[in-house]
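**Student:** mmCIF, C-alpha atoms and all ligand atoms, saved as structure23.cif, coming up:
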```cif
data_coords
loop_
_atom_site.label_atom_id
_atom_site.label_comp_id
_atom_site.auth_asym_id
_atom_site.auth_seq_id
_atom_site.Cartn_x
_atom_site.Cartn_y
_atom_site.Cartn_z
CA MET H 37 9.10 -8.52 6.18
CA THR H 38 6.04 -9.99 4.56
CA GLY H 39 5.32 -8.65 1.08
CA GLY H 40 8.91 -7.42 0.81
CA ALA H 41 8.97 -7.85 -2.97
CA GLY H 42 5.91 -5.63 -3.47
CA TYR H 43 5.65 -1.96 -4.43
CA ILE H 44 6.25 -0.56 -0.94
CA GLY H 45 8.11 -3.63 0.33
CA ALA H 46 10.85 -3.42 -2.33
CA VAL H 47 11.58 0.20 -1.34
CA LEU H 48 11.47 -0.65 2.37
CA THR H 49 13.86 -3.56 1.80
CA GLU H 50 16.33 -1.14 0.17
CA HIS H 51 16.04 1.29 3.09
CA LEU H 52 16.60 -1.53 5.59
CA VAL H 53 19.66 -2.87 3.78
CA ARG H 54 21.12 0.63 3.49
CA ALA H 55 20.62 1.17 7.21
CA GLY H 56 22.55 -2.04 7.99
CA HIS H 57 19.59 -4.27 8.90
CA HIS H 58 19.26 -7.84 7.65
CA PRO H 59 15.74 -8.21 6.32
CA VAL H 60 14.28 -11.62 5.56
CA VAL H 61 11.54 -11.35 2.95
CA LEU H 62 8.56 -13.69 3.11
CA ASP H 63 6.66 -13.35 -0.15
CA ARG H 64 4.62 -15.30 -2.70
CA PHE H 65 6.44 -13.26 -5.35
CA PHE H 66 3.26 -12.63 -7.29
CA TRP H 67 5.14 -9.96 -9.23
CA GLY H 68 8.40 -11.94 -9.47
CA ARG H 69 11.77 -11.39 -7.80
CA LYS H 70 13.24 -8.73 -10.09
CA ALA H 71 12.59 -5.91 -7.61
CA LEU H 72 15.02 -7.45 -5.12
CA ALA H 73 17.60 -8.72 -7.63
CA HIS H 74 20.06 -5.90 -6.86
CA LEU H 75 20.01 -6.62 -3.13
CA GLN H 76 21.50 -9.45 -1.12
CA VAL H 77 18.53 -10.45 1.00
CA GLU H 78 17.38 -13.72 2.42
CA THR H 79 13.99 -14.75 1.05
CA ILE H 80 11.33 -17.28 1.93
CA ALA H 81 9.12 -18.01 -1.08
CA ALA H 82 5.91 -19.02 0.62
CA ASP H 83 2.35 -18.06 1.33
CA LEU H 84 1.60 -16.05 4.43
CA ARG H 85 -1.22 -18.42 5.22
CA GLU H 86 1.34 -21.16 5.78
CA ALA H 87 3.80 -19.14 7.85
CA ARG H 88 5.81 -21.34 10.23
CA GLU H 89 6.82 -20.43 13.71
CA GLU H 90 10.45 -21.45 13.18
CA TRP H 91 10.80 -18.81 10.43
CA LEU H 92 10.76 -16.28 13.24
CA ASP H 93 13.93 -17.64 14.84
CA GLY H 94 16.46 -14.82 15.12
CA ILE H 95 13.91 -12.21 13.99
CA ASP H 96 13.76 -8.97 16.03
CA ALA H 97 10.83 -7.31 14.31
CA VAL H 98 8.12 -8.20 11.81
CA MET H 99 6.95 -5.72 9.18
CA HIS H 100 3.71 -7.01 7.77
CA LEU H 101 2.98 -5.68 4.27
CA GLY H 102 2.03 -8.89 2.48
CA GLY H 103 -1.45 -9.72 1.21
CA LEU H 104 -3.85 -8.42 -1.39
CA SER H 105 -3.31 -4.71 -1.66
CA ASN H 106 -6.33 -3.10 -3.31
CA ASP H 107 -10.08 -3.34 -3.77
CA PRO H 108 -10.20 -5.03 -7.19
CA THR H 109 -7.86 -7.93 -6.26
CA ALA H 110 -9.74 -8.43 -2.99
CA GLU H 111 -13.14 -8.40 -4.71
CA TYR H 112 -11.88 -10.87 -7.33
CA ASN H 113 -11.68 -13.57 -4.64
CA THR H 114 -13.13 -12.33 -1.39
CA GLU H 115 -12.55 -15.58 0.51
CA ALA H 116 -8.84 -15.68 -0.40
CA ASN H 117 -8.61 -12.02 0.57
CA TRP H 118 -10.16 -12.79 3.95
CA GLN H 119 -7.76 -15.69 4.54
CA MET H 120 -4.66 -13.70 3.47
CA ASN H 121 -5.42 -10.27 4.89
CA ALA H 122 -7.46 -11.05 8.00
CA VAL H 123 -6.96 -14.65 9.19
CA ALA H 124 -3.26 -14.95 8.24
CA THR H 125 -2.52 -11.65 10.00
CA GLU H 126 -4.17 -12.88 13.19
CA ARG H 127 -2.10 -16.08 13.00
CA LEU H 128 1.12 -14.21 12.29
CA VAL H 129 0.53 -12.19 15.45
CA GLU H 130 0.09 -15.39 17.47
CA LEU H 131 3.34 -16.78 16.05
CA CYS H 132 5.19 -13.56 16.91
CA LYS H 133 3.92 -13.65 20.48
CA ARG H 134 4.90 -17.29 20.89
CA ARG H 135 8.41 -16.56 19.60
CA GLY H 136 8.83 -13.36 21.60
CA VAL H 137 8.99 -10.97 18.60
CA LYS H 138 8.15 -7.63 20.21
CA ARG H 139 8.02 -5.17 17.34
CA PHE H 140 5.37 -5.56 14.67
CA THR H 141 4.38 -2.97 12.07
CA PHE H 142 1.23 -3.37 10.00
CA ALA H 143 0.49 -1.77 6.62
CA SER H 144 -3.15 -0.84 7.03
CA SER H 145 -5.04 1.50 4.78
CA ALA H 146 -6.74 4.90 4.85
CA SER H 147 -9.66 3.21 3.09
CA VAL H 148 -10.93 2.11 6.52
CA TYR H 149 -12.28 5.69 6.85
CA ASP H 150 -14.20 5.41 3.63
CA THR H 151 -17.78 6.68 3.57
CA GLU H 152 -20.38 6.44 0.87
CA LEU H 153 -21.34 9.84 -0.48
CA SER H 154 -23.85 11.17 -2.93
CA ALA H 155 -22.71 13.54 -5.67
CA SER H 156 -23.97 16.58 -3.73
CA GLU H 157 -22.30 15.45 -0.50
CA MET H 158 -19.12 15.06 -2.45
CA GLU H 159 -19.04 18.75 -3.21
CA ARG H 160 -18.48 19.68 0.40
CA THR H 161 -14.99 19.36 1.82
CA PRO H 162 -14.95 16.26 4.02
CA SER H 163 -13.92 16.66 7.64
CA MET H 164 -10.45 15.55 8.72
CA CYS H 165 -10.21 11.94 9.92
CA ASP H 166 -7.88 11.28 12.82
CA GLU H 167 -7.10 7.95 14.44
CA THR H 168 -10.20 8.19 16.67
CA THR H 169 -12.67 8.74 13.81
CA ALA H 170 -15.34 6.04 13.55
CA LEU H 171 -14.50 3.57 10.78
CA ALA H 172 -16.79 2.88 7.87
CA PRO H 173 -15.16 0.09 5.86
CA ARG H 174 -16.85 -0.93 2.64
CA GLY H 175 -15.81 -3.85 0.54
CA ALA H 176 -13.70 -6.94 1.14
CA TYR H 177 -10.36 -5.12 1.27
CA SER H 178 -11.06 -2.53 3.96
CA LEU H 179 -13.19 -4.95 6.00
CA SER H 180 -10.23 -7.35 6.13
CA LYS H 181 -7.89 -4.50 7.16
CA VAL H 182 -10.22 -3.51 10.01
CA TYR H 183 -10.42 -7.11 11.24
CA ALA H 184 -6.62 -7.42 11.09
CA GLU H 185 -6.18 -4.13 12.97
CA LYS H 186 -8.49 -5.30 15.76
CA ALA H 187 -6.72 -8.65 16.07
CA ILE H 188 -3.34 -6.91 16.27
CA LEU H 189 -4.46 -4.34 18.85
CA ALA H 190 -6.10 -7.01 21.01
CA ALA H 191 -2.74 -8.80 21.22
CA ALA H 192 -0.76 -5.76 22.44
CA ASP H 193 0.70 -6.17 25.93
CA GLU H 194 3.99 -5.89 27.84
CA THR H 195 5.58 -8.54 25.59
CA PHE H 196 4.22 -7.34 22.27
CA ALA H 197 4.31 -3.76 20.93
CA PRO H 198 2.56 -3.69 17.55
CA VAL H 199 1.90 -0.50 15.62
CA ILE H 200 -0.64 0.13 12.88
CA PHE H 201 0.03 2.48 10.01
CA ARG H 202 -3.03 3.64 8.07
CA GLN H 203 -1.29 4.53 4.85
CA GLY H 204 -2.78 6.97 2.40
CA THR H 205 -2.60 6.16 -1.32
CA VAL H 206 1.06 5.78 -2.16
CA TYR H 207 2.83 7.42 -5.11
CA GLY H 208 6.39 7.32 -6.39
CA TRP H 209 8.97 5.16 -8.01
CA SER H 210 9.65 1.62 -6.81
CA PRO H 211 11.75 -1.18 -8.33
CA ARG H 212 8.42 -3.07 -8.38
CA MET H 213 6.33 -0.42 -10.06
CA ARG H 214 2.54 -0.06 -9.88
CA PHE H 215 0.65 2.11 -12.35
CA ASP H 216 -2.74 1.41 -10.78
CA LEU H 217 -2.38 4.05 -8.04
CA VAL H 218 -3.82 7.47 -8.79
CA VAL H 219 -0.71 9.64 -9.33
CA ASN H 220 1.22 6.85 -11.06
CA THR H 221 -1.83 6.15 -13.25
CA PHE H 222 -2.02 9.81 -14.30
CA ILE H 223 1.61 9.68 -15.38
CA LYS H 224 1.00 6.53 -17.38
CA ASP H 225 -2.15 8.05 -18.97
CA ALA H 226 -0.25 11.21 -19.84
CA VAL H 227 2.37 9.16 -21.71
CA ILE H 228 0.05 6.70 -23.42
CA HIS H 229 -3.11 8.78 -24.05
CA GLU H 230 -1.89 12.36 -23.63
CA ARG H 231 -5.00 12.91 -21.53
CA LEU H 232 -6.12 12.47 -17.95
CA TYR H 233 -9.62 11.36 -17.03
CA LEU H 234 -11.43 13.22 -14.25
CA HIS H 235 -14.43 11.32 -12.97
CA GLY H 236 -17.13 13.62 -11.63
CA GLY H 237 -14.77 16.53 -12.10
CA GLY H 238 -12.18 14.96 -9.79
CA TRP H 239 -13.29 17.03 -6.81
CA MET H 240 -12.89 14.17 -4.33
CA TRP H 241 -10.19 14.30 -1.67
CA ARG H 242 -7.57 11.65 -0.92
CA PRO H 243 -4.64 11.45 1.50
CA LEU H 244 -1.38 10.63 -0.28
CA VAL H 245 2.17 9.69 0.64
CA ASP H 246 5.41 9.01 -1.21
CA VAL H 247 6.62 5.42 -1.23
CA ASN H 248 9.96 6.39 0.41
CA ASP H 249 8.21 8.26 3.20
CA CYS H 250 5.89 5.32 3.73
CA ALA H 251 8.93 3.04 4.04
CA ARG H 252 10.61 5.51 6.42
CA VAL H 253 7.64 5.40 8.75
CA HIS H 254 7.94 1.61 9.13
CA MET H 255 11.67 2.10 9.78
CA MET H 256 10.91 4.65 12.51
CA ALA H 257 8.97 1.99 14.37
CA LEU H 258 12.17 -0.08 14.64
CA GLU H 259 13.88 2.65 16.69
CA ALA H 260 10.96 4.26 18.56
CA PRO H 261 10.61 3.69 22.31
CA LEU H 262 8.23 0.74 22.71
CA ASP H 263 5.85 2.68 24.95
CA ARG H 264 5.36 5.28 22.26
CA ILE H 265 4.16 2.79 19.66
CA ARG H 266 2.68 -0.16 21.57
CA GLY H 267 -0.93 -0.63 20.41
CA GLN H 268 -0.94 2.72 18.56
CA ILE H 269 -2.52 3.63 15.25
CA PHE H 270 -0.98 6.32 13.05
CA ASN H 271 -2.27 7.89 9.86
CA VAL H 272 0.48 8.11 7.25
CA LEU H 273 0.31 10.85 4.64
CA GLU H 274 2.20 13.71 3.12
CA GLU H 275 -0.87 15.80 2.32
CA ASN H 276 -4.52 15.59 1.26
CA TYR H 277 -5.21 16.37 -2.38
CA GLN H 278 -8.21 16.62 -4.64
CA ILE H 279 -7.88 14.27 -7.59
CA ARG H 280 -8.27 17.25 -9.89
CA GLN H 281 -5.30 18.94 -8.25
CA LEU H 282 -3.16 15.83 -8.82
CA ALA H 283 -4.14 15.77 -12.49
CA MET H 284 -3.12 19.42 -12.83
CA LEU H 285 0.24 18.76 -11.17
CA VAL H 286 0.93 15.88 -13.57
CA ALA H 287 -0.26 17.84 -16.63
CA GLY H 288 1.83 20.82 -15.49
CA SER H 289 4.97 18.71 -15.16
CA PHE H 290 4.49 17.41 -18.70
CA ALA H 291 3.78 20.94 -19.97
CA LEU H 292 7.21 21.98 -18.70
CA LYS H 293 8.59 19.30 -21.02
CA ASP H 294 6.56 20.71 -23.94
CA ALA H 295 3.98 17.92 -23.84
CA GLN H 296 0.34 19.03 -23.91
CA ILE H 297 -1.89 16.85 -21.71
CA ASP H 298 -5.66 17.34 -21.80
CA LEU H 299 -7.96 16.94 -18.83
CA VAL H 300 -11.12 15.06 -19.82
CA GLU H 301 -14.31 15.14 -17.72
CA MET H 302 -15.92 11.72 -17.20
CA PRO H 303 -19.18 10.73 -15.46
CA LEU H 304 -19.13 10.18 -11.71
CA PRO H 305 -18.52 6.48 -10.96
CA LYS H 306 -20.95 4.53 -8.74
CA LEU H 307 -18.47 4.24 -5.92
CA VAL H 308 -17.22 7.64 -4.81
CA ARG H 309 -14.55 8.01 -2.19
CA ASN H 310 -13.93 11.34 -0.58
CA TYR H 311 -11.99 11.70 2.64
CA ARG H 312 -9.11 13.59 4.20
CA MET H 313 -6.95 12.59 7.11
CA SER H 314 -4.54 14.19 9.54
CA ASN H 315 -0.96 13.12 10.22
CA ALA H 316 -0.66 15.24 13.38
CA LYS H 317 -0.33 12.21 15.67
CA LEU H 318 2.46 10.72 13.57
CA SER H 319 4.44 13.94 13.56
CA GLN H 320 3.93 14.57 17.27
CA ALA H 321 4.67 11.04 18.50
CA LEU H 322 7.35 9.93 16.03
CA GLY H 323 8.61 13.25 14.68
CA PHE H 324 7.57 12.40 11.14
CA THR H 325 7.89 15.08 8.49
CA PRO H 326 7.31 14.09 4.88
CA SER H 327 10.47 14.38 2.80
CA VAL H 328 9.04 14.08 -0.73
CA THR H 329 6.19 16.14 -2.17
CA VAL H 330 3.92 14.79 -4.82
CA LEU H 331 5.41 17.24 -7.34
CA GLU H 332 8.98 16.06 -6.66
CA SER H 333 7.85 12.48 -6.93
CA ILE H 334 6.07 13.14 -10.25
CA GLU H 335 9.29 14.66 -11.66
CA ASN H 336 11.29 11.69 -10.42
CA MET H 337 8.88 9.16 -11.92
CA ILE H 338 8.78 10.91 -15.30
CA GLY H 339 12.57 10.66 -15.40
CA LYS H 340 12.51 6.91 -14.79
CA LEU H 341 9.62 5.76 -16.96
CA PRO H 342 10.06 2.64 -19.11
CA PRO H 343 9.36 2.99 -22.86
CA PRO H 344 5.64 3.65 -23.63
CA GLU H 345 5.07 0.15 -25.07
CA GLU H 346 6.33 -1.37 -21.80
CA LEU H 347 3.79 0.67 -19.77
CA ALA H 348 1.03 -1.67 -20.94
CA ASN H 349 2.70 -4.65 -19.24
CA PRO H 350 -0.02 -6.19 -17.01
CA GLN H 351 2.51 -6.68 -14.21
CA TYR H 352 2.11 -3.00 -13.37
CA TYR H 353 -1.61 -3.40 -12.68
CA ASN H 354 -2.45 -5.68 -9.77
CA VAL H 355 -5.86 -6.94 -10.80
CA ARG H 356 -4.91 -7.44 -14.45
CA TRP H 357 -1.85 -9.46 -13.45
CA MET H 358 -3.72 -11.54 -10.86
CA THR H 359 -6.46 -12.31 -13.39
CA LEU H 360 -3.86 -13.43 -15.91
CA LEU H 361 -2.04 -15.57 -13.34
CA GLU H 362 -5.35 -17.14 -12.38
CA GLU H 363 -6.14 -18.02 -16.00
CA ILE H 364 -2.70 -19.51 -16.65
CA HIS H 365 -2.74 -21.43 -13.37
CA ALA H 366 -6.22 -22.83 -14.00
CA SER H 367 -5.30 -23.95 -17.52
CA GLN H 368 -2.23 -25.78 -16.26
CA ARG H 369 -3.57 -27.27 -13.05
CA GLY H 370 -7.21 -27.95 -13.70
CA PHE H 371 -9.22 -25.49 -11.64
CA ALA H 372 -6.81 -24.86 -8.79
CA SER H 373 -6.74 -21.18 -7.90
CA ILE H 374 -3.63 -19.03 -7.75
CA TYR H 375 -5.22 -17.21 -4.82
N1 LIG P 1 0.11 0.97 -2.30
C1 LIG P 1 -0.76 1.70 -1.62
O1 LIG P 1 -1.19 2.79 -2.06
C2 LIG P 1 -1.24 1.23 -0.27
C3 LIG P 1 -2.03 2.11 0.50
C4 LIG P 1 -2.47 1.68 1.75
C5 LIG P 1 -2.11 0.43 2.22
N2 LIG P 1 -1.34 -0.39 1.46
C6 LIG P 1 -0.96 -1.71 2.02
O2 LIG P 1 0.46 -1.79 2.00
C7 LIG P 1 0.87 -3.14 1.75
C8 LIG P 1 1.81 -3.19 0.57
O3 LIG P 1 1.17 -2.64 -0.56
P1 LIG P 1 1.88 -2.63 -1.99
O4 LIG P 1 1.34 -1.48 -2.75
O5 LIG P 1 3.33 -2.79 -1.81
O6 LIG P 1 1.27 -3.97 -2.61
P2 LIG P 1 1.88 -5.02 -3.65
O7 LIG P 1 0.71 -5.75 -4.20
O8 LIG P 1 2.80 -4.35 -4.59
O9 LIG P 1 2.73 -5.99 -2.73
C9 LIG P 1 2.19 -6.99 -1.94
C10 LIG P 1 3.23 -8.09 -1.81
O10 LIG P 1 2.67 -9.14 -0.98
C11 LIG P 1 2.89 -10.39 -1.59
N3 LIG P 1 1.78 -11.27 -1.20
C12 LIG P 1 0.48 -11.12 -1.49
N4 LIG P 1 -0.23 -12.13 -0.94
C13 LIG P 1 0.66 -12.93 -0.29
C14 LIG P 1 0.54 -14.11 0.47
N5 LIG P 1 -0.65 -14.70 0.66
N6 LIG P 1 1.65 -14.68 0.99
C15 LIG P 1 2.88 -14.08 0.81
N7 LIG P 1 3.05 -12.95 0.09
C16 LIG P 1 1.95 -12.37 -0.44
C17 LIG P 1 2.92 -10.12 -3.09
O11 LIG P 1 3.64 -11.12 -3.78
C18 LIG P 1 3.57 -8.75 -3.15
O12 LIG P 1 4.97 -8.86 -3.28
C19 LIG P 1 -0.41 -3.94 1.53
O13 LIG P 1 -0.76 -4.56 2.74
C20 LIG P 1 -1.43 -2.88 1.19
O14 LIG P 1 -2.74 -3.28 1.55
C21 LIG P 1 -0.89 -0.02 0.23
#
```
For the structure just supplied, provide its representation as structure tokens.

**Tutor:**
Amino acid sequence: MTGGAGYIGAVLTEHLVRAGHHPVVLDRFFWGRKALAHLQVETIAADLREAREEWLDGIDAVMHLGGLSNDPTAEYNTEANWQMNAVATERLVELCKRRGVKRFTFASSASVYDTELSASEMERTPSMCDETTALAPRGAYSLSKVYAEKAILAAADETFAPVIFRQGTVYGWSPRMRFDLVVNTFIKDAVIHERLYLHGGGWMWRPLVDVNDCARVHMMALEAPLDRIRGQIFNVLEENYQIRQLAMLVAGSFALKDAQIDLVEMPLPKLVRNYRMSNAKLSQALGFTPSVTVLESIENMIGKLPPPEELANPQYYNVRWMTLLEEIHASQRGFASIY
């Protein structure tokens, strides 16, 4: 598994170990190794861009989650993002084919459906994107995901059965926690500020999925008949929500614990995202039913939160942490980039 020490990867590693698999994690460990400390897993501390063919010896399946995982980190160094997310993925596929690795899952993103909308367009409910909807990637991150998807699909044949998962925004608790994803951010804001910020009223729609369900979907691809997944794309989500609805669910959960959380209206940002997607194909083809609702996940996260002062730790926020790493790295090694 690439990116096995990340937010989703750490949860997926746990699921794999519990199911009796023997994952090997290839990771740069940008966020450290703590998330895997409780598990006995083999690791390769290396950059994806330098993946070696011999690392695939004895490997039955590759789960590819590594790389830059959001817009801000990708925009921070677009060339590194391109090399990690697009070019390195294409190369990894070549290596898998050469070594006869048949199964390959790819963590793509719902942001490939993104469309630019004016404030008035945003007020209408967006139509439902399925896997055949025309893509409209904007920005370095989603462009690199689309390129990677195309390279993977072009390689599918009798010997190689890759599957692409377009994951909605993920929520939930992971041993490598992120508080820069919408639901998790609301929980953090509720604790630190006792208020949640709703940009443009928070009317925009987003597909969301729990981190355990997201991991389960990758696991399903290990067992599924090859003909059912070869060269297929699946949307991965529990449900579509309006941001406003998510804020109310978080505020409501805190209210049940006697904490009053205010909702604060903020101006509409320049970049507005508003899309919904369907998981019908995933449920029909692989029998997926989400097992964790956003409300259950919110309750679970609230129960596991670190102390408030710890919530400011930059490690929980991808772009803040990468910026810090970059500064430290540059000061120690001249101008060499961490990216
Ligand atoms: N979290 C979400 O909401 C979400 C939604 C859609 C898609 N995705 C995709 O799912 C995957 C995992 O996301 P996440 O939230 O776990 O991200 P994350 O940032 O927590 O984890 C990414 C992992 O990849 C590793 N990594 C990054 N660049 C690397 C490189 N060049 N070589 C080796 N390792 C490298 C990091 O060290 C980290 O452990 C990503 O591909 C992301 O684009 C995530």

**Student:** Compare H:Gln351, H:Asn121, H:Asn336, H:Thr49 by their minimum atom-to-atom distance to Arg252 of chain H, counting only C-alpha atoms, and give me the closest one.

**Tutor:**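 Among H:Gln351, H:Asn121, H:Asn336, H:Thr49, it is H:Thr49 that comes nearest to Arg252 of chain H.
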
**Student:** Between H:Ala283, H:Leu75, H:Ala260, H:Leu171, which is the closest to Val53 of chain H once you count all atoms listed in the file?

**Tutor:**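 Residue with the minimum atom-to-atom distance to Val53 of chain H: H:Leu75.
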
**Student:** Separation of atom O12 of ligand LIG 1 (chain P) and atom CA of Leu244 of chain H, in Å?

**Tutor:**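 Spanning atom O12 of ligand LIG 1 (chain P) to atom CA of Leu244 of chain H is a straight-line distance of 20.7 Å.
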
**Student:** Each side padded by 5 Å, which centre and which edge lengths in Å (one decimal) define the axis-aligned box around the listed atoms of ligand LIG 1 (chain P)? Give them as lines of an AutoDock Vina configuration file.

**Tutor:**
```
center_x = 1.1
center_y = -6.0
center_z = -0.9
size_x = 17.7
size_y = 27.5
size_z = 17.3
```

**Student:** Atom O10 of ligand LIG 1 (chain P) and atom CA of Glu194 of chain H are how many Å apart?

**Tutor:**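 Value for the atom O10 of ligand LIG 1 (chain P)-atom CA of Glu194 of chain H distance: 29.0 Å.
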
**Student:** Taking all atoms listed in the file into account, which residues are within 8 Å of ligand LIG 1 (chain P), as a ChimeraX atom specification?

**Tutor:** /H:38-46,62-68,81-85,100-106,120-121,142-147,177,181,202-207,212-214,217,247,354,375

**Student:** In Å, how far is it from atom CA of Asp246 of chain H to atom CA of Glu335 of chain H?

**Tutor:**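 Value for the atom CA of Asp246 of chain H-atom CA of Glu335 of chain H distance: 12.5 Å.
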
**Student:** Could you give me, as a PyMOL selection string, the residues within 8 Å of segment 186-190 of chain H, counting all atoms listed in the file and dropping anything in the same chain fewer than 2 positions from it?

**Tutor:** chain H and resi 125-126+129+182-184+192+198+267-268

**Student:** Restricting it to C-alpha atoms, dump the selection as a PDB file, in the frame of the given file.

**Tutor:**
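The file below, out06.pdb, is the result:
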```
ATOM      1  CA  THR H 125      -2.520 -11.650  10.000  1.00  0.00           C
ATOM      2  CA  GLU H 126      -4.170 -12.880  13.190  1.00  0.00           C
ATOM      3  CA  VAL H 129       0.530 -12.190  15.450  1.00  0.00           C
ATOM      4  CA  VAL H 182     -10.220  -3.510  10.010  1.00  0.00           C
ATOM      5  CA  TYR H 183     -10.420  -7.110  11.240  1.00  0.00           C
ATOM      6  CA  ALA H 184      -6.620  -7.420  11.090  1.00  0.00           C
ATOM      7  CA  ALA H 192      -0.760  -5.760  22.440  1.00  0.00           C
ATOM      8  CA  PRO H 198       2.560  -3.690  17.550  1.00  0.00           C
ATOM      9  CA  GLY H 267      -0.930  -0.630  20.410  1.00  0.00           C
ATOM     10  CA  GLN H 268      -0.940   2.720  18.560  1.00  0.00           C
TER      11      GLN H 268
END
```

**Student:** I'd like the contact shell of segment 308-324 of chain H - 10 Å cut-off, all atoms listed in the file, skipping same-chain residues fewer than 6 positions apart - returned as a PyMOL selection string.

**Tutor:** chain H and resi 146-147+149-155+157-167+169+201-202+204+235-236+239-244+249+252-253+256-257+259-261+264-265+268-279

**Student:** Do you know which residues are at most 10 Å from Asn248 of chain H counting only C-alpha atoms, after dropping those on the same chain fewer than 6 positions away, and could you put them as a PyMOL selection string?

**Tutor:** chain H and resi 44+47-48+50-51+206-210+326-328+333

**Student:** If we count all atoms listed in the file and set the cut-off at 9 Å, which residues sit around Leu282 of chain H, ignoring sequence neighbours fewer than 2 positions away in its own chain? Please answer as a list in words.

**Tutor:**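 Everything that qualifies: Val218, Val219, Phe222, Tyr277, Gln278, Ile279, Arg280, Met284, Leu285, Val286, Ala287, Val330 and Leu331 of chain H.
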
**Student:** Would you list the residues near (-0.4, 5.6, -18.4) (no more than 12 Å away, in the coordinates of the file, using only C-alpha atoms) as a VMD selection string?

**Tutor:** chain H and resid 214 to 233 286 297 337 to 338 341 to 350 352 to 353

**Student:** Under the rule that all atoms listed in the file are counted, which of H:Met302, H:Ala366, H:Leu360, H:Val137 is the nearest residue to Glu89 of chain H?

**Tutor:**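 For Glu89 of chain H, the nearest of the given residues is H:Val137.
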
**Student:** Using all atoms listed in the file, which of H:Ala110, H:Leu52, H:Met358, H:Leu234 sits nearest Leu304 of chain H?

**Tutor:**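 Closest to Leu304 of chain H of all the choices is H:Leu234.
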
**Student:** Rank H:Val60, H:Gln296, H:Ala55, H:Val245 by their smallest atom-to-atom distance to Asp93 of chain H, using all atoms listed in the file, and report the top residue only.

**Tutor:**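 Of H:Val60, H:Gln296, H:Ala55, H:Val245, the one nearest Asp93 of chain H, counting all atoms listed in the file, is H:Val60.
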
**Student:** For segment 101-112 of chain H, supply N, CA and C atoms and report the output as a short mmCIF file (atom, residue, chain, number, x, y, z; two decimals), in the coordinates of the input.

**Tutor:**
```cif
data_model
loop_
_atom_site.label_atom_id
_atom_site.label_comp_id
_atom_site.auth_asym_id
_atom_site.auth_seq_id
_atom_site.Cartn_x
_atom_site.Cartn_y
_atom_site.Cartn_z
N LEU H 101 3.51 -6.41 5.43
CA LEU H 101 2.98 -5.68 4.27
C LEU H 101 2.34 -6.62 3.25
N GLY H 102 2.48 -7.92 3.48
CA GLY H 102 2.03 -8.89 2.48
C GLY H 102 0.51 -9.02 2.46
N GLY H 103 -0.01 -9.50 1.35
CA GLY H 103 -1.45 -9.72 1.21
C GLY H 103 -1.96 -9.02 -0.02
N LEU H 104 -3.26 -9.10 -0.24
CA LEU H 104 -3.85 -8.42 -1.39
C LEU H 104 -3.95 -6.94 -1.04
N SER H 105 -3.60 -6.09 -2.02
CA SER H 105 -3.31 -4.71 -1.66
C SER H 105 -4.22 -3.67 -2.30
N ASN H 106 -5.35 -4.11 -2.85
CA ASN H 106 -6.33 -3.10 -3.31
C ASN H 106 -7.71 -3.72 -3.43
N ASP H 107 -8.69 -2.87 -3.70
CA ASP H 107 -10.08 -3.34 -3.77
C ASP H 107 -10.30 -4.37 -4.89
N PRO H 108 -9.86 -4.09 -6.12
CA PRO H 108 -10.20 -5.03 -7.19
C PRO H 108 -9.65 -6.44 -6.97
N THR H 109 -8.41 -6.57 -6.48
CA THR H 109 -7.86 -7.93 -6.26
C THR H 109 -8.60 -8.61 -5.11
N ALA H 110 -9.01 -7.84 -4.12
CA ALA H 110 -9.74 -8.43 -2.99
C ALA H 110 -11.13 -8.87 -3.42
N GLU H 111 -11.79 -8.05 -4.26
CA GLU H 111 -13.14 -8.40 -4.71
C GLU H 111 -13.12 -9.58 -5.68
N TYR H 112 -12.01 -9.77 -6.36
CA TYR H 112 -11.88 -10.87 -7.33
C TYR H 112 -12.03 -12.22 -6.64
#
```
